[in-house]
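Data block below; observations after.
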Amino acid sequence: MNQLLEIKDFSVTYVNKSKKVYAVKNVNLKINKGDSLGIVGESGSGKSTLAMALLRLLPEKNTQITGKANFIGKDLVQLNQKELKNIRWNELAVVFQKSMNALSPVHRIGPQIEDIYRVHKPNASKEEIFSRITYLLRLVNLSERVYTLYPHELSGGMLQRVSIAISLVHNPKLLIMDEATTALDVVTQGQILDEIVKMEQTLDVTRIMITHDISVVAASCNKIAVMYAGEFMEIGYVKDVLKNPKHPYTRGLLSSFPSLKGEKLKLTGISGYLPNLSVKQEGCIFAPRCQQATEKCKQEKPLGVEMNENTVWCHLYSSGGELINEDQKPVYKD
Amino acid sequence: MKTKSPFIKIDKISMWYPQKSKNLFMSIREERKWIKAVDQVSIELERGEILGVIGESGCGKSTLGKVLARLENPTNGDVYIDSVSTKELMKKDTKKFRRMVQIVFQNPFDTFTPRDTIEQILLRPLKIHGIGKTNAERREICIKALESGGLRPADEIMKRYSHELSGGQLQRISILRSMLFEPKFIIADEPVSMLDVSVRSEIINMLLTLSKEKNATVIFISHDIALTRYVSDKIAVMYLGKVVEYGDSDTIINNPKHPYTQALISNCSSIDPDEQREIIKIQGEPPTPVNPGPGCYFASRCFKASKECFQKYPAATEVSEGHIVACDRWY
């Protein structure tokens with residue numbers, strides 16, 4: 001298979017004088033070319049930390065990143081600043097929730113994008129840049145007129161579209177969207193998601209979508225990873241995981257979303273709160289909030305169980321599915 | 001003719017803000033411009049009913065909430081609770097009005113003053129309204145309320161400051177505090193949008209149980225359509241300060257008639273990955289609410305608009321019983 005990104009034993013720890021906070025713990029993940037992966041979880045579950053660590057945007061002074069992140073032959077963890085500079089925008093791009101705030105208020109949209117374009121292609125001609133930018137603006141459903149406008153003349157949705165267009169200037173292989181549509185209105189969000197999905201088919205980008213809204217993932221991704229307290233709970237295809245959730249946490253998360261058109265079922269949340277991440281916990285991290293937790297869950301960390309191409313980290317299935325080896329190599333059935 | 005007047009009658013309420021002109025000279029010469037945040041909204045509600053208000057940001061949902069709680073004085077119109085004009089009541093007996101109408105805000109971290117403990121925060125309104133004779137008695141009331149909301153040990157929580165509690169806990173306290181006076185009318189302005197998904201349902205269920213217990217009428221303002229449908233009996237869809245569609249929540253979601261509602265619901269993604277959605281695209285963003293019209297405010301983005309739509313604001317028509325649509329081309 002055409003693998004784009006492989007994260008192995010990836011951990012992120014925030015360190016300060018008095019304590020260490022284990023924000024992401026020994027995560028393993030594989031992303032193939034053309035995938036669109038949605039990472040969901042509560043706030044504080046480490047979704048953004050994972051993305052920021054992959055992009056190497058965290059301050060190096062007080063964060064420790066261990067493990068491997070193999071991105072098309074390069075280990076993102078080991079790269080130095082100069083090598084990172086070459087990768088950013090060219091192969092790896094990001095859109096944040098408030099990316100639009102990064103736009104300069106005193107420059108027109110077009111020249112701003114030109115500057116970004118020139119960072120990697122200093123000798124590009126004006127015509128080349130113009131045609132590329134207007135092509136991208138059209139792709140995100142904006143008119144060419146935007147090129148000569150100032151950011152304050154555009155609405156929030158349009159600015160976010162501009163940020164998405166900027167992230168695509170150099171045709172990156174991997175696009176990370178960290179809550180990129182959260183601040184937008186329902187109508188704008190729906191339309192942008194629709195555009196992103198269409199755009200992906202034409203541009204051949206792989207996407208990681210970080211959000212707390214499962215419906216966004218359902219509408220725009222093919223794979224989903226459920227994250228809790230710095231660990232993955234369940235990874236699999238959207239249609240399997242949302243239709244037939246295996247992990248108790250996924251089930252709890254899904255039952256706290258009301259359905260739009262279906263029956264009005266009683267909403268049930270997950271009682272309790274996120275654990276203190278500065279303390280290393282024995283056993284399954286979700287066990288204190290899990291209603292199906294047994295003694296085993298409190299003592300032993302569950303290993304990933306492979307079930308029909310989906311992986312679940314839960315003791316409930318350790319006998320049912322096939323166990324993955326210690327070094328987390330997936331075992332495929334014939 | 002109706003024999004019984006409704007419990008809560010919102011009568012053509014409007015909130016217009018004057019637009020400041022940048023140029024003094026122009027401001028004298030030109031006619032004054034108004035931002036019509038809420039424009040002639042009329043809704044009738046029964047006791048214990050829950051009304052959901054949905055719409056894009058900037059459509060006036062929150063302003064409507066503020067006006068109903070009289071945190072802002074409406075430019076026009078009035079609200080009648082049990083046939084009593086709140087305008088009159090506000091002049092005569094402000095405290096009584098405040099006891100009748102309570103509001104829960106969006107951000108629980110901003111709701112409470114950071115300088116006081118939860119105990120001080122909860123006791124103060126009781127003292128102001130003269131509920132309970134002694135401080136001990138009032139404390140007792142608060143502890144009971146906190147425990148009924150699942151905040152245990154209540155004693156411990158009362159001693160804390162707001163920054164020592166989580167958003168979910170704070171929002172629960174905020175709802176419980178508003179319930180202390182047994183209000184008849186509660187306005188919940190996006191009460192869960194700042195909270196985590198796993199905590200949300202508990203807060204919503206608490207709001208529902210309490211309002212049912214006290215038989216209070218609730219206005220639930222939200223931009224989350226699926227959640228609003230879960231919570232409310234009736235839904236009002238707002239666009240640029242006007243209610244464009246109003247009816248039973250299931251009717252609105254499953255059988256929307258106004259083109260704007262149709263677009264809004266078609267764009268709302270569901271957690272069911274199999275659901276076929278056909279997105280109705282609408283052009284652009286809402287226009288500015290400065291002197292809109294004369295035609296239908298939505299006409300410039302509407303996929304059904306005809307010439308007439310740009311000339312006259314459509315009258316509200318009753319499509320089926322209790323389902324009101326402000327569109328001439330709803331069929």
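In the structure tokens, each chain is lettered A, B, ... as it comes, each chain's residues begin at 1, and ligands are numbered from 1 in order of appearance.
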
For chain A, report every residue with an atom at most 9 Å from chain B (counting only C-alpha atoms), formatted as an mmCIF file with N, CA, C and O atoms, in the first residue's frame.
```cif
data_model
loop_
_atom_site.group_PDB
_atom_site.id
_atom_site.type_symbol
_atom_site.label_atom_id
_atom_site.label_comp_id
_atom_site.auth_asym_id
_atom_site.auth_seq_id
_atom_site.Cartn_x
_atom_site.Cartn_y
_atom_site.Cartn_z
ATOM 1 N N GLY A 41 -12.375 13.567 19.733
ATOM 2 C CA GLY A 41 -12.189 13.365 21.156
ATOM 3 C C GLY A 41 -12.601 14.609 21.908
ATOM 4 O O GLY A 41 -12.853 15.640 21.306
ATOM 5 N N GLU A 42 -12.672 14.485 23.215
ATOM 6 C CA GLU A 42 -13.032 15.649 24.023
ATOM 7 C C GLU A 42 -11.912 16.678 23.980
ATOM 8 O O GLU A 42 -10.808 16.385 23.549
ATOM 9 N N SER A 43 -12.188 17.875 24.510
ATOM 10 C CA SER A 43 -11.073 18.813 24.593
ATOM 11 C C SER A 43 -10.118 18.319 25.668
ATOM 12 O O SER A 43 -10.518 17.744 26.676
ATOM 13 N N SER A 155 -15.917 38.025 4.749
ATOM 14 C CA SER A 155 -16.541 37.478 5.955
ATOM 15 C C SER A 155 -15.681 36.335 6.495
ATOM 16 O O SER A 155 -14.737 35.882 5.841
ATOM 17 N N GLY A 157 -16.251 33.170 6.850
ATOM 18 C CA GLY A 157 -16.237 31.979 6.012
ATOM 19 C C GLY A 157 -15.325 32.146 4.805
ATOM 20 O O GLY A 157 -14.579 31.242 4.436
ATOM 21 N N MET A 158 -15.365 33.336 4.204
ATOM 22 C CA MET A 158 -14.525 33.580 3.034
ATOM 23 C C MET A 158 -13.051 33.588 3.428
ATOM 24 O O MET A 158 -12.200 33.073 2.706
ATOM 25 N N LEU A 184 -17.173 28.307 12.178
ATOM 26 C CA LEU A 184 -18.028 28.804 11.107
ATOM 27 C C LEU A 184 -19.485 28.423 11.316
ATOM 28 O O LEU A 184 -19.812 27.549 12.099
ATOM 29 N N ASP A 185 -20.330 29.095 10.553
ATOM 30 C CA ASP A 185 -21.752 28.819 10.633
ATOM 31 C C ASP A 185 -22.108 27.493 9.983
ATOM 32 O O ASP A 185 -21.363 26.984 9.158
ATOM 33 N N VAL A 186 -23.296 27.001 10.345
ATOM 34 C CA VAL A 186 -23.729 25.703 9.821
ATOM 35 C C VAL A 186 -23.689 25.676 8.304
ATOM 36 O O VAL A 186 -23.142 24.756 7.696
ATOM 37 N N VAL A 187 -24.266 26.710 7.689
ATOM 38 C CA VAL A 187 -24.371 26.716 6.232
ATOM 39 C C VAL A 187 -22.971 26.784 5.605
ATOM 40 O O VAL A 187 -22.631 26.007 4.719
ATOM 41 N N THR A 188 -22.141 27.706 6.136
ATOM 42 C CA THR A 188 -20.790 27.851 5.590
ATOM 43 C C THR A 188 -19.993 26.579 5.815
ATOM 44 O O THR A 188 -19.277 26.118 4.927
ATOM 45 N N GLN A 189 -20.108 26.001 6.999
ATOM 46 C CA GLN A 189 -19.367 24.787 7.303
ATOM 47 C C GLN A 189 -19.753 23.661 6.353
ATOM 48 O O GLN A 189 -18.893 23.009 5.773
ATOM 49 N N GLY A 190 -21.059 23.485 6.165
ATOM 50 C CA GLY A 190 -21.533 22.432 5.276
ATOM 51 C C GLY A 190 -20.970 22.610 3.877
ATOM 52 O O GLY A 190 -20.504 21.658 3.255
ATOM 53 N N GLN A 191 -20.985 23.849 3.392
ATOM 54 C CA GLN A 191 -20.505 24.087 2.034
ATOM 55 C C GLN A 191 -18.992 23.895 1.938
ATOM 56 O O GLN A 191 -18.503 23.308 0.982
ATOM 57 N N ASP A 194 -18.118 20.259 1.876
ATOM 58 C CA ASP A 194 -18.445 19.724 0.570
ATOM 59 C C ASP A 194 -17.352 20.066 -0.442
ATOM 60 O O ASP A 194 -16.921 19.217 -1.226
ATOM 61 N N HIS A 212 -13.911 18.189 17.263
ATOM 62 C CA HIS A 212 -14.628 17.517 18.340
ATOM 63 C C HIS A 212 -16.029 17.150 17.888
ATOM 64 O O HIS A 212 -16.796 16.570 18.632
ATOM 65 N N ASP A 213 -16.342 17.505 16.660
ATOM 66 C CA ASP A 213 -17.691 17.290 16.146
ATOM 67 C C ASP A 213 -17.694 16.066 15.229
ATOM 68 O O ASP A 213 -17.160 16.111 14.127
ATOM 69 N N ILE A 214 -18.318 14.986 15.705
ATOM 70 C CA ILE A 214 -18.290 13.750 14.934
ATOM 71 C C ILE A 214 -19.010 13.921 13.597
ATOM 72 O O ILE A 214 -18.628 13.324 12.601
ATOM 73 N N SER A 215 -20.025 14.782 13.577
ATOM 74 C CA SER A 215 -20.775 14.914 12.331
ATOM 75 C C SER A 215 -19.888 15.485 11.211
ATOM 76 O O SER A 215 -20.105 15.168 10.050
ATOM 77 N N VAL A 216 -18.905 16.289 11.577
ATOM 78 C CA VAL A 216 -17.969 16.798 10.568
ATOM 79 C C VAL A 216 -17.179 15.638 9.960
ATOM 80 O O VAL A 216 -16.985 15.562 8.746
ATOM 81 N N VAL A 217 -16.746 14.725 10.819
ATOM 82 C CA VAL A 217 -15.998 13.574 10.335
ATOM 83 C C VAL A 217 -16.898 12.692 9.472
ATOM 84 O O VAL A 217 -16.494 12.226 8.398
ATOM 85 N N ALA A 218 -18.127 12.503 9.924
ATOM 86 C CA ALA A 218 -19.054 11.658 9.176
ATOM 87 C C ALA A 218 -19.280 12.218 7.779
ATOM 88 O O ALA A 218 -19.449 11.467 6.825
ATOM 89 N N ALA A 219 -19.259 13.535 7.664
ATOM 90 C CA ALA A 219 -19.563 14.149 6.378
ATOM 91 C C ALA A 219 -18.351 14.218 5.459
ATOM 92 O O ALA A 219 -18.509 14.340 4.259
ATOM 93 N N VAL A 238 -14.969 5.112 8.868
ATOM 94 C CA VAL A 238 -16.059 5.889 9.448
ATOM 95 C C VAL A 238 -17.349 5.087 9.460
ATOM 96 O O VAL A 238 -18.047 5.022 10.465
ATOM 97 N N LYS A 239 -17.633 4.424 8.350
ATOM 98 C CA LYS A 239 -18.926 3.751 8.263
ATOM 99 C C LYS A 239 -19.037 2.604 9.265
ATOM 100 O O LYS A 239 -20.107 2.340 9.794
ATOM 101 N N LEU A 242 -18.854 4.408 13.220
ATOM 102 C CA LEU A 242 -20.031 5.161 13.631
ATOM 103 C C LEU A 242 -21.288 4.294 13.624
ATOM 104 O O LEU A 242 -22.203 4.511 14.402
ATOM 105 N N LYS A 243 -21.321 3.312 12.747
ATOM 106 C CA LYS A 243 -22.485 2.427 12.698
ATOM 107 C C LYS A 243 -22.430 1.426 13.834
ATOM 108 O O LYS A 243 -23.431 1.071 14.428
ATOM 109 N N GLY A 252 -20.076 5.932 24.153
ATOM 110 C CA GLY A 252 -20.508 7.033 25.011
ATOM 111 C C GLY A 252 -20.516 8.348 24.257
ATOM 112 O O GLY A 252 -21.450 9.140 24.352
ATOM 113 N N LEU A 253 -19.470 8.550 23.463
ATOM 114 C CA LEU A 253 -19.344 9.792 22.701
ATOM 115 C C LEU A 253 -20.491 9.902 21.692
ATOM 116 O O LEU A 253 -21.101 10.954 21.535
ATOM 117 N N LEU A 254 -20.783 8.791 21.035
ATOM 118 C CA LEU A 254 -21.834 8.812 20.024
ATOM 119 C C LEU A 254 -23.206 9.022 20.644
ATOM 120 O O LEU A 254 -24.050 9.688 20.073
ATOM 121 N N SER A 255 -23.413 8.450 21.830
ATOM 122 C CA SER A 255 -24.749 8.586 22.410
ATOM 123 C C SER A 255 -24.939 9.961 23.029
ATOM 124 O O SER A 255 -26.038 10.295 23.451
ATOM 125 N N SER A 256 -23.881 10.774 23.085
ATOM 126 C CA SER A 256 -24.135 12.134 23.557
ATOM 127 C C SER A 256 -24.415 13.093 22.403
ATOM 128 O O SER A 256 -24.600 14.275 22.616
ATOM 129 N N PHE A 257 -24.459 12.570 21.188
ATOM 130 C CA PHE A 257 -24.869 13.397 20.044
ATOM 131 C C PHE A 257 -26.315 13.079 19.683
ATOM 132 O O PHE A 257 -26.632 11.937 19.401
ATOM 133 N N PRO A 258 -27.185 14.069 19.668
ATOM 134 C CA PRO A 258 -28.545 13.780 19.216
ATOM 135 C C PRO A 258 -28.548 13.614 17.707
ATOM 136 O O PRO A 258 -27.752 14.245 17.011
ATOM 137 N N SER A 259 -29.425 12.751 17.215
ATOM 138 C CA SER A 259 -29.482 12.575 15.767
ATOM 139 C C SER A 259 -30.412 13.628 15.178
ATOM 140 O O SER A 259 -31.318 14.116 15.839
ATOM 141 N N LEU A 260 -30.156 13.986 13.919
ATOM 142 C CA LEU A 260 -30.930 15.078 13.332
ATOM 143 C C LEU A 260 -32.323 14.639 12.923
ATOM 144 O O LEU A 260 -33.290 15.319 13.178
ATOM 145 N N LYS A 261 -32.388 13.467 12.305
ATOM 146 C CA LYS A 261 -33.694 13.091 11.764
ATOM 147 C C LYS A 261 -34.246 11.814 12.377
ATOM 148 O O LYS A 261 -35.426 11.545 12.311
ATOM 149 N N LYS A 264 -35.799 10.235 18.603
ATOM 150 C CA LYS A 264 -35.280 11.031 19.719
ATOM 151 C C LYS A 264 -34.933 10.097 20.863
ATOM 152 O O LYS A 264 -35.774 9.743 21.677
ATOM 153 N N LEU A 265 -33.705 9.639 20.884
ATOM 154 C CA LEU A 265 -33.280 8.782 21.989
ATOM 155 C C LEU A 265 -32.785 9.667 23.117
ATOM 156 O O LEU A 265 -32.354 10.787 22.902
ATOM 157 N N LYS A 266 -32.843 9.138 24.305
ATOM 158 C CA LYS A 266 -32.369 9.932 25.443
ATOM 159 C C LYS A 266 -30.852 10.073 25.348
ATOM 160 O O LYS A 266 -30.141 9.117 25.093
ATOM 161 N N LEU A 267 -30.404 11.285 25.534
ATOM 162 C CA LEU A 267 -28.964 11.520 25.479
ATOM 163 C C LEU A 267 -28.323 11.020 26.762
ATOM 164 O O LEU A 267 -28.794 11.294 27.846
ATOM 165 N N THR A 268 -27.253 10.268 26.600
ATOM 166 C CA THR A 268 -26.517 9.867 27.785
ATOM 167 C C THR A 268 -25.076 10.298 27.602
ATOM 168 O O THR A 268 -24.473 10.040 26.578
ATOM 169 N N GLY A 269 -24.564 10.929 28.569
ATOM 170 C CA GLY A 269 -23.184 11.370 28.464
ATOM 171 C C GLY A 269 -22.242 10.339 29.053
ATOM 172 O O GLY A 269 -22.610 9.200 29.296
ATOM 173 N N ILE A 270 -21.002 10.752 29.241
ATOM 174 C CA ILE A 270 -20.043 9.909 29.932
ATOM 175 C C ILE A 270 -19.788 10.601 31.254
ATOM 176 O O ILE A 270 -19.349 11.756 31.269
ATOM 177 N N SER A 271 -20.058 9.934 32.350
ATOM 178 C CA SER A 271 -19.882 10.615 33.624
ATOM 179 C C SER A 271 -18.391 10.715 33.939
ATOM 180 O O SER A 271 -17.575 9.971 33.405
ATOM 181 N N GLY A 272 -18.063 11.630 34.810
ATOM 182 C CA GLY A 272 -16.672 11.788 35.206
ATOM 183 C C GLY A 272 -15.917 12.758 34.321
ATOM 184 O O GLY A 272 -16.467 13.353 33.399
ATOM 185 N N TYR A 273 -14.644 12.904 34.595
ATOM 186 C CA TYR A 273 -13.827 13.877 33.884
ATOM 187 C C TYR A 273 -12.559 13.213 33.392
ATOM 188 O O TYR A 273 -12.219 12.106 33.789
#
```

Do a neighbour search on His120 (chain A) at 8 Å with only C-alpha atoms, toss out local chain neighbours closer than 2 positions, and write the hits as a PDB file with C-alpha atoms, in the first residue's frame.
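Here's the written file result_23.pdb:
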```pdb
ATOM      1  CA  ASN A  86      11.642  22.843   3.122  1.00  0.00           C
ATOM      2  CA  ASN A  90       5.629  22.103   0.155  1.00  0.00           C
ATOM      3  CA  ILE A 116       4.033  32.773   0.567  1.00  0.00           C
ATOM      4  CA  TYR A 117       4.370  31.382  -2.916  1.00  0.00           C
ATOM      5  CA  ARG A 118       7.778  33.009  -3.357  1.00  0.00           C
ATOM      6  CA  PRO A 122      11.616  32.615  -5.451  1.00  0.00           C
TER       7      PRO A 122
END
```

| said: Please list as a ChimeraX atom specification every residue within 12 Å of Ile143 (chain B), counting only C-alpha atoms and excluding residues in the same chain fewer than 4 positions away. | reply: /B:118-119,122-123,136-139,147-159,173,176-177,180

| Which residue of A:Cys284, A:Ala183, A:Val205, A:Ala124 approaches Glu231 (chain A) most closely, using only C-alpha atoms | A:Cys284

| Å distance separating CA of Arg108 (chain A) from CA of Leu159 (chain A), one decimal place |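 CA of Leu159 (chain A) lies 12.2 Å from CA of Arg108 (chain A).
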
| request: Would you mind listing what lies within 9 Å of Glu91 (chain A) as JSON, numbers by chain, with only C-alpha atoms counted and same-chain residues fewer than 2 positions away left out? | output: {"A": [86, 87, 88, 89, 93, 170, 171, 172, 173, 174, 175]}

Mind dumping the selected residues with all heavy atoms as an mmCIF file, in the first residue's frame?
```cif
data_model
loop_
_atom_site.group_PDB
_atom_site.id
_atom_site.type_symbol
_atom_site.label_atom_id
_atom_site.label_comp_id
_atom_site.auth_asym_id
_atom_site.auth_seq_id
_atom_site.Cartn_x
_atom_site.Cartn_y
_atom_site.Cartn_z
ATOM 1 N N ASN A 86 11.862 23.363 4.465
ATOM 2 C CA ASN A 86 11.642 22.843 3.122
ATOM 3 C C ASN A 86 10.358 22.048 3.015
ATOM 4 O O ASN A 86 9.700 22.036 1.981
ATOM 5 C CB ASN A 86 12.818 21.952 2.712
ATOM 6 C CG ASN A 86 13.994 22.785 2.310
ATOM 7 O OD1 ASN A 86 13.817 23.882 1.807
ATOM 8 N ND2 ASN A 86 15.192 22.273 2.551
ATOM 9 N N ILE A 87 10.033 21.364 4.103
ATOM 10 C CA ILE A 87 8.842 20.516 4.071
ATOM 11 C C ILE A 87 7.567 21.333 4.204
ATOM 12 O O ILE A 87 6.577 21.109 3.515
ATOM 13 C CB ILE A 87 8.924 19.476 5.213
ATOM 14 C CG1 ILE A 87 9.848 18.352 4.799
ATOM 15 C CG2 ILE A 87 7.564 18.937 5.535
ATOM 16 C CD1 ILE A 87 9.682 17.144 5.645
ATOM 17 N N ARG A 88 7.592 22.326 5.103
ATOM 18 C CA ARG A 88 6.391 23.099 5.372
ATOM 19 C C ARG A 88 5.892 23.775 4.102
ATOM 20 O O ARG A 88 6.670 24.309 3.334
ATOM 21 C CB ARG A 88 6.680 24.143 6.451
ATOM 22 C CG ARG A 88 6.753 23.510 7.823
ATOM 23 C CD ARG A 88 7.020 24.525 8.887
ATOM 24 N NE ARG A 88 7.204 23.857 10.166
ATOM 25 C CZ ARG A 88 7.927 24.364 11.152
ATOM 26 N NH1 ARG A 88 8.509 25.531 10.999
ATOM 27 N NH2 ARG A 88 8.054 23.713 12.279
ATOM 28 N N TRP A 89 4.598 23.792 3.954
ATOM 29 C CA TRP A 89 3.877 24.261 2.764
ATOM 30 C C TRP A 89 4.097 23.364 1.558
ATOM 31 O O TRP A 89 3.170 23.075 0.836
ATOM 32 C CB TRP A 89 4.274 25.696 2.355
ATOM 33 C CG TRP A 89 3.968 26.711 3.407
ATOM 34 C CD1 TRP A 89 4.878 27.432 4.124
ATOM 35 C CD2 TRP A 89 2.687 27.112 3.883
ATOM 36 N NE1 TRP A 89 4.230 28.251 5.008
ATOM 37 C CE2 TRP A 89 2.892 28.075 4.880
ATOM 38 C CE3 TRP A 89 1.377 26.746 3.551
ATOM 39 C CZ2 TRP A 89 1.849 28.673 5.561
ATOM 40 C CZ3 TRP A 89 0.343 27.352 4.225
ATOM 41 C CH2 TRP A 89 0.587 28.293 5.219
ATOM 42 N N ALA A 93 1.046 20.892 5.080
ATOM 43 C CA ALA A 93 0.425 22.194 5.298
ATOM 44 C C ALA A 93 -0.635 22.076 6.384
ATOM 45 O O ALA A 93 -1.112 20.985 6.680
ATOM 46 C CB ALA A 93 -0.208 22.701 4.013
ATOM 47 N N HIS A 170 1.316 25.092 -2.642
ATOM 48 C CA HIS A 170 2.392 24.271 -3.188
ATOM 49 C C HIS A 170 2.006 22.813 -3.346
ATOM 50 O O HIS A 170 2.855 21.938 -3.355
ATOM 51 C CB HIS A 170 3.633 24.404 -2.314
ATOM 52 C CG HIS A 170 4.268 25.743 -2.434
ATOM 53 N ND1 HIS A 170 4.740 26.229 -3.625
ATOM 54 C CD2 HIS A 170 4.489 26.713 -1.524
ATOM 55 C CE1 HIS A 170 5.225 27.436 -3.445
ATOM 56 N NE2 HIS A 170 5.080 27.762 -2.174
ATOM 57 N N ASN A 171 0.710 22.581 -3.420
ATOM 58 C CA ASN A 171 0.235 21.221 -3.603
ATOM 59 C C ASN A 171 0.803 20.261 -2.556
ATOM 60 O O ASN A 171 1.528 19.323 -2.885
ATOM 61 C CB ASN A 171 0.614 20.720 -4.988
ATOM 62 C CG ASN A 171 -0.588 20.147 -5.674
ATOM 63 O OD1 ASN A 171 -1.527 19.716 -4.991
ATOM 64 N ND2 ASN A 171 -0.569 20.129 -6.975
ATOM 65 N N PRO A 172 0.499 20.460 -1.302
ATOM 66 C CA PRO A 172 1.076 19.614 -0.257
ATOM 67 C C PRO A 172 0.528 18.188 -0.352
ATOM 68 O O PRO A 172 -0.547 17.970 -0.902
ATOM 69 C CB PRO A 172 0.606 20.282 1.035
ATOM 70 C CG PRO A 172 -0.665 20.941 0.662
ATOM 71 C CD PRO A 172 -0.497 21.387 -0.749
ATOM 72 N N LYS A 173 1.307 17.253 0.171
ATOM 73 C CA LYS A 173 0.834 15.871 0.153
ATOM 74 C C LYS A 173 -0.083 15.605 1.329
ATOM 75 O O LYS A 173 -1.007 14.817 1.256
ATOM 76 C CB LYS A 173 2.034 14.926 0.209
ATOM 77 C CG LYS A 173 2.909 15.062 -1.021
ATOM 78 C CD LYS A 173 3.823 13.871 -1.170
ATOM 79 C CE LYS A 173 4.576 13.939 -2.474
ATOM 80 N NZ LYS A 173 5.470 15.121 -2.565
ATOM 81 N N LEU A 174 0.224 16.271 2.445
ATOM 82 C CA LEU A 174 -0.586 16.055 3.643
ATOM 83 C C LEU A 174 -1.096 17.397 4.146
ATOM 84 O O LEU A 174 -0.335 18.345 4.308
ATOM 85 C CB LEU A 174 0.250 15.365 4.730
ATOM 86 C CG LEU A 174 -0.471 15.045 6.034
ATOM 87 C CD1 LEU A 174 -1.541 14.001 5.817
ATOM 88 C CD2 LEU A 174 0.507 14.571 7.088
ATOM 89 N N LEU A 175 -2.397 17.452 4.375
ATOM 90 C CA LEU A 175 -3.005 18.679 4.873
ATOM 91 C C LEU A 175 -3.612 18.385 6.240
ATOM 92 O O LEU A 175 -4.394 17.449 6.392
ATOM 93 C CB LEU A 175 -4.086 19.142 3.890
ATOM 94 C CG LEU A 175 -4.874 20.390 4.238
ATOM 95 C CD1 LEU A 175 -3.970 21.597 4.310
ATOM 96 C CD2 LEU A 175 -5.967 20.620 3.216
#
```

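Proximity to Ser85 (chain B) was assessed for B:Ala316, B:Ile10, B:Leu64, B:Leu208 counting only C-alpha atoms; the smallest distance is recorded for B:Ile10.
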
Neighbours of region 73-80 of chain B within 7 Å (only C-alpha atoms; same-chain residues fewer than 2 positions away dropped), as a compact mmCIF listing (two decimals) with N, CA and C atoms, in the first residue's frame?
```txt
# COMPACT_ATOMS: atom_id res chain seq x y z
N ILE B 8 -47.21 32.92 27.54
CA ILE B 8 -46.24 33.95 27.20
C ILE B 8 -46.54 34.43 25.80
N LYS B 9 -46.70 35.72 25.67
CA LYS B 9 -47.00 36.27 24.36
C LYS B 9 -45.94 37.31 24.03
N ILE B 10 -45.15 36.98 23.04
CA ILE B 10 -44.16 37.95 22.56
C ILE B 10 -44.83 38.72 21.45
N ASP B 11 -45.01 40.01 21.65
CA ASP B 11 -45.84 40.79 20.74
C ASP B 11 -44.99 41.77 19.95
N LYS B 12 -44.74 41.43 18.72
CA LYS B 12 -44.04 42.31 17.77
C LYS B 12 -42.85 43.02 18.40
N ILE B 13 -41.98 42.24 18.97
CA ILE B 13 -40.85 42.85 19.66
C ILE B 13 -39.75 43.20 18.65
N SER B 14 -39.17 44.37 18.80
CA SER B 14 -38.11 44.81 17.89
C SER B 14 -36.96 45.41 18.67
N MET B 15 -35.78 45.20 18.20
CA MET B 15 -34.61 45.83 18.79
C MET B 15 -33.80 46.43 17.66
N TRP B 16 -33.83 47.73 17.56
CA TRP B 16 -33.06 48.41 16.52
C TRP B 16 -31.95 49.20 17.17
N VAL B 67 -33.32 40.79 24.92
CA VAL B 67 -34.48 41.67 24.97
C VAL B 67 -35.58 41.03 25.82
N ARG B 70 -34.99 41.49 29.21
CA ARG B 70 -34.92 42.92 29.47
C ARG B 70 -33.53 43.37 29.92
N LEU B 71 -32.51 42.71 29.39
CA LEU B 71 -31.17 43.22 29.61
C LEU B 71 -30.94 44.38 28.66
N ASP B 82 -48.43 35.69 31.35
CA ASP B 82 -49.70 35.54 32.06
C ASP B 82 -50.55 36.81 31.93
N SER B 83 -50.58 37.36 30.75
CA SER B 83 -51.32 38.59 30.43
C SER B 83 -50.82 39.83 31.17
N VAL B 84 -49.64 39.74 31.80
CA VAL B 84 -49.09 40.91 32.46
C VAL B 84 -47.99 41.47 31.55
N SER B 85 -48.07 42.74 31.27
CA SER B 85 -47.05 43.34 30.42
C SER B 85 -45.74 43.45 31.19
N THR B 86 -44.68 42.93 30.62
CA THR B 86 -43.40 42.98 31.34
C THR B 86 -42.85 44.40 31.35
N LYS B 87 -43.28 45.19 30.38
CA LYS B 87 -42.85 46.58 30.33
C LYS B 87 -43.32 47.31 31.58
```

| request: May I have the residues within 9 Å of Ala229 (chain A) as a ChimeraX atom specification, using only C-alpha atoms and disregarding those fewer than 2 positions away in the same chain? | output: /A:22-25,41-42,44-46,227,231-232,274-277,285-286

| query | Just asking: which residues within region 64-219 of chain A are strand (DSSP E or B) according to DSSP, as a PyMOL selection string? | reply | chain A and resi 64-71+74-75+88+92-95+174-178+206-210

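Take the candidates B:Glu182, B:Pro191, B:Ile175, B:Thr288 and check each one against Met206 (chain B) using only C-alpha atoms; the shortest distance goes to B:Ile175.
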
| message | Run DSSP on the backbone and tell me which residues of region 21-231 of chain B come out as helix (DSSP H, G or I); list them as an MDAnalysis selection string. | response | chainID B and resid 24:29 61:68 86:92 94:100 108:111 118:128 135:148 154:158 162:164 167:179 197:214 225:231

| query | By how many Å are CA of Glu295 (chain A) and CA of Pro248 (chain A) apart? | reply | 15.9 Å

| request: Extract, using only C-alpha atoms, all DNA, RNA and protein residues at most 7 Å from Ser222 (chain B), discarding same-chain residues fewer than 5 positions from it, and format them as a list in words. | output: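 Residues meeting the cut-off are Val53, Ile54, Asp189, Glu190 and Thr228 of chain B.
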